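**Student:** Dumping the structure here so I can ask a few things about it.
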Amino acid sequence: MSLQAYQQATARAESPREAEYRLFGQVTRALMSAADAAEHDHGARMRALDWNRRLWSTLATDCADPKNGLPAPVRAQIISLSLWVGKHTSLVMRKREDIGALIDVNRIIMQGLSARPEAA
């Protein structure tokens with residue numbers, strides 16, 4: 001089986017929750033690498049920060065859609081977190097805040113996504 005066929009089969013077998021978890025994992029690993037990168041490696045840092053901000057912006061846009069199946073309070077919390085991520089990211093880019101808080105928020109979201117739905 002080729003790698004491409006395996007990846008396609010995996011993508012079809014993933015639930016939306018699993019796909020979100022996987023994406024958060026990829027973005028969070030990029031943020032962690034950016035945090036560990038040399039101070040002069042602005043490109044990697046900015047790419048990771050931008051990717052994270054785009055992820056959260058996409059989530060907020062999805063949650064703003066009235067057709068979204070999540071309960072309204074949960075959608076509002078995600079939108080609020082997205083706004084915070086955007087503001088905090090700008091501060092990190094200007095070296096006024098640390099990237100660690102963004103990593104922590106993503107990890108907390110990943111913990112929620114990894115929980116069994118009946119337990120949530």
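Letters for chains follow the order of the structure tokens (A, B, ...), residue numbers begin at 1 for each chain, and ligand numbers begin at 1 in the order shown.
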As a PyMOL selection string, list the residues of region 53-112 of chain A assigned to alpha helix (DSSP H) by DSSP on the backbone atoms of this structure.
**Tutor:** chain A and resi 53-64+72-93+100-112
**Student:** For region 22-46 of chain A against region 103-118 of chain A, with a cut-off of 10 Å and counting only C-alpha atoms, what is the closest atom pair and its distance in Å to one decimal for every residue that makes the cut, ordered by chain and number, as JSON lines?
**Tutor:**
```
{"residue": "A:Arg22", "atom": "CA", "partner": "A:Met110", "partner_atom": "CA", "distance": 8.7}
{"residue": "A:Leu23", "atom": "CA", "partner": "A:Met110", "partner_atom": "CA", "distance": 9.6}
{"residue": "A:Phe24", "atom": "CA", "partner": "A:Asn106", "partner_atom": "CA", "distance": 6.6}
{"residue": "A:Gly25", "atom": "CA", "partner": "A:Met110", "partner_atom": "CA", "distance": 7.4}
{"residue": "A:Val27", "atom": "CA", "partner": "A:Asn106", "partner_atom": "CA", "distance": 8.5}
{"residue": "A:Thr28", "atom": "CA", "partner": "A:Ile103", "partner_atom": "CA", "distance": 5.9}
{"residue": "A:Arg29", "atom": "CA", "partner": "A:Ile103", "partner_atom": "CA", "distance": 8.6}
{"residue": "A:Ala30", "atom": "CA", "partner": "A:Ile103", "partner_atom": "CA", "distance": 9.6}
{"residue": "A:Leu31", "atom": "CA", "partner": "A:Ile103", "partner_atom": "CA", "distance": 6.6}
{"residue": "A:Met32", "atom": "CA", "partner": "A:Ile103", "partner_atom": "CA", "distance": 7.0}
{"residue": "A:Ala35", "atom": "CA", "partner": "A:Ile103", "partner_atom": "CA", "distance": 9.4}
```
**Student:** Measure the distance from CA of Ala101 (chain A) to CA of Trp84 (chain A) in Å and round it to one decimal.
**Tutor:**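 Between CA of Ala101 (chain A) and CA of Trp84 (chain A) the gap works out to 10.6 Å.
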**Student:** Just to confirm, what's the straight-line distance from CA of Asp50 (chain A) to CA of Val74 (chain A) in Å (one decimal)?
**Tutor:**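 Interatomic distance, CA of Asp50 (chain A) to CA of Val74 (chain A): 24.0 Å.
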**Student:** Any chance you could tabulate, as CSV, the residues of region 15-70 of chain A at most 10 Å from region 86-91 of chain A with each one's nearest atom pair and distance in Å to one decimal, using only C-alpha atoms, in chain and rising number order?
**Tutor:**
```
residue,atom,partner,partner_atom,distance
A:Met46,CA,A:Thr89,CA,9.5
A:Leu49,CA,A:Thr89,CA,6.5
A:Asp50,CA,A:Thr89,CA,8.2
A:Asn52,CA,A:Thr89,CA,8.6
A:Arg53,CA,A:Gly86,CA,5.9
A:Arg54,CA,A:Gly86,CA,8.9
A:Trp56,CA,A:Gly86,CA,8.0
A:Ser57,CA,A:Gly86,CA,8.0
```
**Student:** Produce a file of the selected residues containing C-alpha atoms, as a PDB file, in the first residue's frame.
**Tutor:**
```pdb
ATOM      1  CA  MET A  46       6.190  33.666  12.698  1.00  0.00           C
ATOM      2  CA  LEU A  49       2.270  31.738  15.251  1.00  0.00           C
ATOM      3  CA  ASP A  50       0.411  32.534  12.036  1.00  0.00           C
ATOM      4  CA  ASN A  52      -2.033  28.849  15.165  1.00  0.00           C
ATOM      5  CA  ARG A  53      -3.861  32.152  14.688  1.00  0.00           C
ATOM      6  CA  ARG A  54      -5.412  30.906  11.419  1.00  0.00           C
ATOM      7  CA  TRP A  56      -8.281  29.666  15.872  1.00  0.00           C
ATOM      8  CA  SER A  57      -9.759  32.134  13.393  1.00  0.00           C
TER       9      SER A  57
END
```
**Student:** Just to confirm, what's the straight-line distance from CA of Lys67 (chain A) to CA of Ala19 (chain A) in Å (one decimal)?
**Tutor:**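 These two atoms are separated by 19.8 Å.
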**Student:** For Asp36 (chain A), which residue out of A:Val85, A:Ala64, A:Ile99, A:Ala13 is the nearest one, using only C-alpha atoms?
**Tutor:**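 Among the listed residues, A:Ile99 lies closest to Asp36 (chain A).
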